[in-house]
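Trainee: Handing you this structure, nothing more for now.
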Amino acid sequence: MYVHVNAAVSVDGKLSSRRREQVRISGAADFDRVDRIRAAADAVLVGVGTVLADDPHLTLDEEDRRVQRLRDGRSGNPARLVADSRARTPSNARILDDEATTYLLVSDEADPDRLADLRDAGAEAVAAGGDDGRVDLRAAFDALEREGIERVMVEGGGEVIFSLFDAGLVDELTLYVGSLVIGGRNAPTLADGEGFVDDFPRLELVDVARVDDGVLLSYET
């Protein structure tokens with residue numbers, strides 16, 4: 001499994017404000033870049049917090065890219081993945097429409113009745129419980145590979161990105177740094193969660209480019 005994390009942060013490293021509402025950080029050129037990364041992926045992953053806060057659709061913006069995927073023998077849109085330990089995804093979430101397959105990565109803590117409702121709404125569940133009641137992402141990815149998913153784009157939020165770094169699953173990070181300050185000690189950052197106190201993940205900077213009114217940093221692990 002190849003895992004590409006992509007995110008946009010303010011100049012002070014915030015994904016959004018303390019209200020956890022979506023903030024426009026980048027512009028048209030970066031949005032197009034993100035759409036190209038989605039088109040190259042087999043699946044797009046977000047955490048359930050992103051679903052609850054933003055209700056994203058996670059489909060391609062450009063019709064030409066959908067058409068090219070179909071010509072290549074792939075689905076028009078990449079699959080959608082939600083790291084959702086307790087199956088909190090709303091049954092009317094936009095990611096549960098029929099535009100793409102949606103997998104919920106759940107733990108043993110997920111309520112069976114909630115899972116039944118979500119399956120009825122169109123979701124497919126991947127059970128991969130860890131010892132802490134959270135999703136074991138490595139086990140979930142192993143299961144997804146058996147479904148033919150080999151390249152995953154990760155779009156946030158901070159909790160799931162931290163978990164991926166903590167599990168050593170990140171292969172590539174592209175980070176757009178916008179020219180605005182958000183601030184706030186309770187505003188989400190690129191990698192939330194418990195945080196590291198030692199054995200900090202180290203990245204190799206491979207490219208720097210100006211995009212829109214910000215900077216795109218490209219890293220490999």
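In the structure tokens, chains take the letters A, B, ... in the order shown, each chain's residues start at 1, and ligands count up from 1 in the order shown.
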Let's see if you can do this: from backbone DSSP, list all alpha helix (DSSP H) residues in range 64-127 of chain A, as a list in words.
Mentor: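 Those residues are Asp64, Arg65, Arg66, Val67, Gln68, Arg69, Leu70, Arg71, Pro112, Asp113, Arg114, Leu115, Ala116, Asp117, Leu118, Arg119 and Asp120 of chain A.
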Trainee: Nearest to Asp12 in chain A among A:Phe31, A:Phe165, A:Tyr176, A:Tyr103, with distances taken over only C-alpha atoms: which residue is it?
Mentor: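 Closest to Asp12 in chain A of all the choices is A:Tyr176.
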Trainee: By how many Å are CA of Asp117 in chain A and CA of Ala87 in chain A apart?
Mentor: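 CA of Asp117 in chain A sits 9.9 Å away from CA of Ala87 in chain A.
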Trainee: Using only C-alpha atoms, which residue out of A:Gly157, A:Gly178, A:Gly148, A:Gly193 lies closest to Val48 in chain A?
Mentor: A:Gly157
Trainee: Could you please determine the separation between CA of Gly214 in chain A and CA of Val9 in chain A in Å, to one decimal place?
Mentor: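 Going from CA of Gly214 in chain A over to CA of Val9 in chain A, I get 10.0 Å.
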Trainee: Quick one: of A:Leu205, A:Leu169, A:Ala127, A:Met1, who's nearest to Ala110 in chain A, counting only C-alpha atoms?
Mentor: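 That would be A:Ala127, the residue with the smallest distance to Ala110 in chain A.
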Trainee: Report as a list in words all protein, DNA and RNA residues lying within 8 Å of Asp35 in chain A, evaluated on only C-alpha atoms, omitting residues in the same chain fewer than 2 positions from it.
Mentor: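 Counting only C-alpha atoms, the residues come to Phe31, Asp32, Arg33, Ile37, Arg38, Ala39, Leu60, Asp61 and Glu62 of chain A.
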Trainee: Take the residues just selected and output them with all heavy atoms as a JSON list (two decimals), in the first residue's frame.
Mentor:
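Output (again_33.json):
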```
[["chain", "number", "residue", "atom", "x", "y", "z"],
["A", 31, "PHE", "N", -6.28, 23.54, -5.84],
["A", 31, "PHE", "CA", -7.44, 22.66, -5.93],
["A", 31, "PHE", "C", -7.30, 21.70, -7.12],
["A", 31, "PHE", "O", -7.63, 20.51, -7.03],
["A", 31, "PHE", "CB", -8.74, 23.46, -6.08],
["A", 31, "PHE", "CG", -9.13, 24.25, -4.86],
["A", 31, "PHE", "CD1", -9.98, 25.34, -4.97],
["A", 31, "PHE", "CD2", -8.64, 23.91, -3.61],
["A", 31, "PHE", "CE1", -10.33, 26.07, -3.85],
["A", 31, "PHE", "CE2", -9.00, 24.64, -2.48],
["A", 31, "PHE", "CZ", -9.84, 25.73, -2.60],
["A", 32, "ASP", "N", -6.79, 22.22, -8.24],
["A", 32, "ASP", "CA", -6.60, 21.37, -9.41],
["A", 32, "ASP", "C", -5.53, 20.32, -9.15],
["A", 32, "ASP", "O", -5.67, 19.17, -9.56],
["A", 32, "ASP", "CB", -6.22, 22.22, -10.62],
["A", 32, "ASP", "CG", -6.14, 21.40, -11.90],
["A", 32, "ASP", "OD1", -7.18, 20.90, -12.36],
["A", 32, "ASP", "OD2", -5.02, 21.24, -12.43],
["A", 33, "ARG", "N", -4.47, 20.71, -8.45],
["A", 33, "ARG", "CA", -3.41, 19.75, -8.09],
["A", 33, "ARG", "C", -3.99, 18.63, -7.22],
["A", 33, "ARG", "O", -3.69, 17.45, -7.44],
["A", 33, "ARG", "CB", -2.29, 20.48, -7.34],
["A", 33, "ARG", "CG", -1.14, 19.58, -6.89],
["A", 33, "ARG", "CD", -0.21, 20.33, -5.95],
["A", 33, "ARG", "NE", -0.86, 20.70, -4.71],
["A", 33, "ARG", "CZ", -1.00, 19.89, -3.67],
["A", 33, "ARG", "NH1", -0.52, 18.65, -3.71],
["A", 33, "ARG", "NH2", -1.60, 20.30, -2.56],
["A", 37, "ILE", "N", -4.23, 14.45, -7.86],
["A", 37, "ILE", "CA", -3.78, 13.40, -6.94],
["A", 37, "ILE", "C", -4.92, 12.42, -6.68],
["A", 37, "ILE", "O", -4.72, 11.20, -6.66],
["A", 37, "ILE", "CB", -3.26, 14.01, -5.62],
["A", 37, "ILE", "CG1", -2.05, 14.90, -5.87],
["A", 37, "ILE", "CG2", -2.89, 12.90, -4.64],
["A", 37, "ILE", "CD1", -1.60, 15.66, -4.64],
["A", 38, "ARG", "N", -6.13, 12.93, -6.47],
["A", 38, "ARG", "CA", -7.29, 12.06, -6.28],
["A", 38, "ARG", "C", -7.46, 11.13, -7.48],
["A", 38, "ARG", "O", -7.72, 9.94, -7.32],
["A", 38, "ARG", "CB", -8.56, 12.89, -6.12],
["A", 38, "ARG", "CG", -8.80, 13.48, -4.75],
["A", 38, "ARG", "CD", -10.13, 14.17, -4.73],
["A", 38, "ARG", "NE", -10.40, 14.83, -3.45],
["A", 38, "ARG", "CZ", -11.44, 15.62, -3.22],
["A", 38, "ARG", "NH1", -12.32, 15.83, -4.19],
["A", 38, "ARG", "NH2", -11.60, 16.19, -2.04],
["A", 39, "ALA", "N", -7.33, 11.69, -8.68],
["A", 39, "ALA", "CA", -7.56, 10.90, -9.89],
["A", 39, "ALA", "C", -6.56, 9.76, -10.01],
["A", 39, "ALA", "O", -6.87, 8.71, -10.59],
["A", 39, "ALA", "CB", -7.48, 11.79, -11.12],
["A", 60, "LEU", "N", -14.10, 13.36, -7.86],
["A", 60, "LEU", "CA", -13.30, 14.20, -8.74],
["A", 60, "LEU", "C", -14.10, 15.42, -9.21],
["A", 60, "LEU", "O", -15.30, 15.32, -9.46],
["A", 60, "LEU", "CB", -12.82, 13.40, -9.95],
["A", 60, "LEU", "CG", -11.90, 12.21, -9.64],
["A", 60, "LEU", "CD1", -11.51, 11.49, -10.92],
["A", 60, "LEU", "CD2", -10.66, 12.66, -8.88],
["A", 61, "ASP", "N", -13.39, 16.54, -9.35],
["A", 61, "ASP", "CA", -14.03, 17.76, -9.83],
["A", 61, "ASP", "C", -14.10, 17.80, -11.35],
["A", 61, "ASP", "O", -15.07, 18.32, -11.91],
["A", 61, "ASP", "CB", -13.27, 18.99, -9.32],
["A", 61, "ASP", "CG", -13.35, 19.14, -7.81],
["A", 61, "ASP", "OD1", -14.38, 18.74, -7.23],
["A", 61, "ASP", "OD2", -12.38, 19.64, -7.22],
["A", 62, "GLU", "N", -13.07, 17.29, -12.02],
["A", 62, "GLU", "CA", -12.97, 17.39, -13.47],
["A", 62, "GLU", "C", -13.53, 16.14, -14.15],
["A", 62, "GLU", "O", -13.07, 15.03, -13.92],
["A", 62, "GLU", "CB", -11.51, 17.59, -13.89],
["A", 62, "GLU", "CG", -10.93, 18.94, -13.49],
["A", 62, "GLU", "CD", -11.61, 20.08, -14.22],
["A", 62, "GLU", "OE1", -12.01, 19.89, -15.40],
["A", 62, "GLU", "OE2", -11.76, 21.16, -13.61]]
```
Trainee: Give me the residues within 8 Å of Asp111 in chain A as a list in words, counting only C-alpha atoms and dropping any in the same chain fewer than 2 places off.
Mentor: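 Contacts, in chain order: Arg86, Ala87, Glu109, Asp113, Arg114 and Leu115 of chain A.
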Trainee: Find the residues near Asp171 in chain A: any atom within 10 Å, counting only C-alpha atoms, skip ones fewer than 3 places away on the same chain, and give them as a list in words.
Mentor: Met1, Tyr2, Val3, His4, Val5, Leu164, Phe165, Gly168, Leu203, Tyr219, Glu220 and Thr221 of chain A
Trainee: I need the residue nearest Arg185 in chain A from this list: A:Arg210, A:Ser17, A:Ala8, A:Leu216. Use only C-alpha atoms for the distance.
Mentor: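 Closest to Arg185 in chain A, using only C-alpha atoms: A:Ser17.
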Trainee: List as an mmCIF file with all heavy atoms, in the first residue's frame the protein and nucleic acid residues near Asp132 in chain A, meaning an atom at most 12 Å away when only C-alpha atoms are counted, but skip any in the same chain fewer than 4 places from it.
Mentor:
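Final output, saved to out.cif:
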```
data_model
loop_
_atom_site.group_PDB
_atom_site.id
_atom_site.type_symbol
_atom_site.label_atom_id
_atom_site.label_comp_id
_atom_site.auth_asym_id
_atom_site.auth_seq_id
_atom_site.Cartn_x
_atom_site.Cartn_y
_atom_site.Cartn_z
ATOM 1 N N SER A 85 -13.841 4.492 13.976
ATOM 2 C CA SER A 85 -13.783 3.394 14.946
ATOM 3 C C SER A 85 -15.146 2.975 15.453
ATOM 4 O O SER A 85 -15.442 1.781 15.556
ATOM 5 C CB SER A 85 -12.899 3.793 16.143
ATOM 6 O OG SER A 85 -11.578 4.036 15.741
ATOM 7 N N SER A 107 -13.705 -0.399 14.327
ATOM 8 C CA SER A 107 -13.106 -1.253 15.342
ATOM 9 C C SER A 107 -14.174 -2.144 15.958
ATOM 10 O O SER A 107 -15.349 -2.105 15.576
ATOM 11 C CB SER A 107 -12.463 -0.388 16.435
ATOM 12 O OG SER A 107 -13.471 0.190 17.250
ATOM 13 N N ASP A 108 -13.770 -2.910 16.955
ATOM 14 C CA ASP A 108 -14.721 -3.772 17.660
ATOM 15 C C ASP A 108 -15.711 -2.967 18.494
ATOM 16 O O ASP A 108 -16.704 -3.519 18.980
ATOM 17 C CB ASP A 108 -13.963 -4.748 18.565
ATOM 18 C CG ASP A 108 -13.045 -5.666 17.782
ATOM 19 O OD1 ASP A 108 -13.325 -5.891 16.579
ATOM 20 O OD2 ASP A 108 -12.035 -6.132 18.346
ATOM 21 N N GLU A 109 -15.427 -1.652 18.675
ATOM 22 C CA GLU A 109 -16.304 -0.792 19.465
ATOM 23 C C GLU A 109 -17.513 -0.310 18.669
ATOM 24 O O GLU A 109 -18.422 0.308 19.230
ATOM 25 C CB GLU A 109 -15.518 0.429 19.966
ATOM 26 C CG GLU A 109 -14.315 0.097 20.838
ATOM 27 C CD GLU A 109 -14.723 -0.491 22.168
ATOM 28 O OE1 GLU A 109 -15.751 -0.056 22.715
ATOM 29 O OE2 GLU A 109 -14.017 -1.393 22.654
ATOM 30 N N ALA A 128 -11.345 -3.807 11.695
ATOM 31 C CA ALA A 128 -9.918 -3.952 12.012
ATOM 32 C C ALA A 128 -9.671 -3.309 13.365
ATOM 33 O O ALA A 128 -9.168 -2.195 13.468
ATOM 34 C CB ALA A 128 -9.050 -3.300 10.932
ATOM 35 N N ASP A 136 -7.179 -0.412 13.740
ATOM 36 C CA ASP A 136 -5.804 -0.794 13.420
ATOM 37 C C ASP A 136 -5.620 -0.503 11.930
ATOM 38 O O ASP A 136 -6.051 -1.289 11.080
ATOM 39 C CB ASP A 136 -5.592 -2.279 13.731
ATOM 40 C CG ASP A 136 -4.171 -2.747 13.459
ATOM 41 O OD1 ASP A 136 -3.489 -2.140 12.610
ATOM 42 O OD2 ASP A 136 -3.740 -3.737 14.080
#
```
Trainee: Return the single residue from A:Ser26, A:Thr101, A:Ser16, A:Thr189 that is closest to Val215 in chain A, with distances computed using only C-alpha atoms.
Mentor: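 Ranking A:Ser26, A:Thr101, A:Ser16, A:Thr189 by distance to Val215 in chain A, first place goes to A:Ser26.
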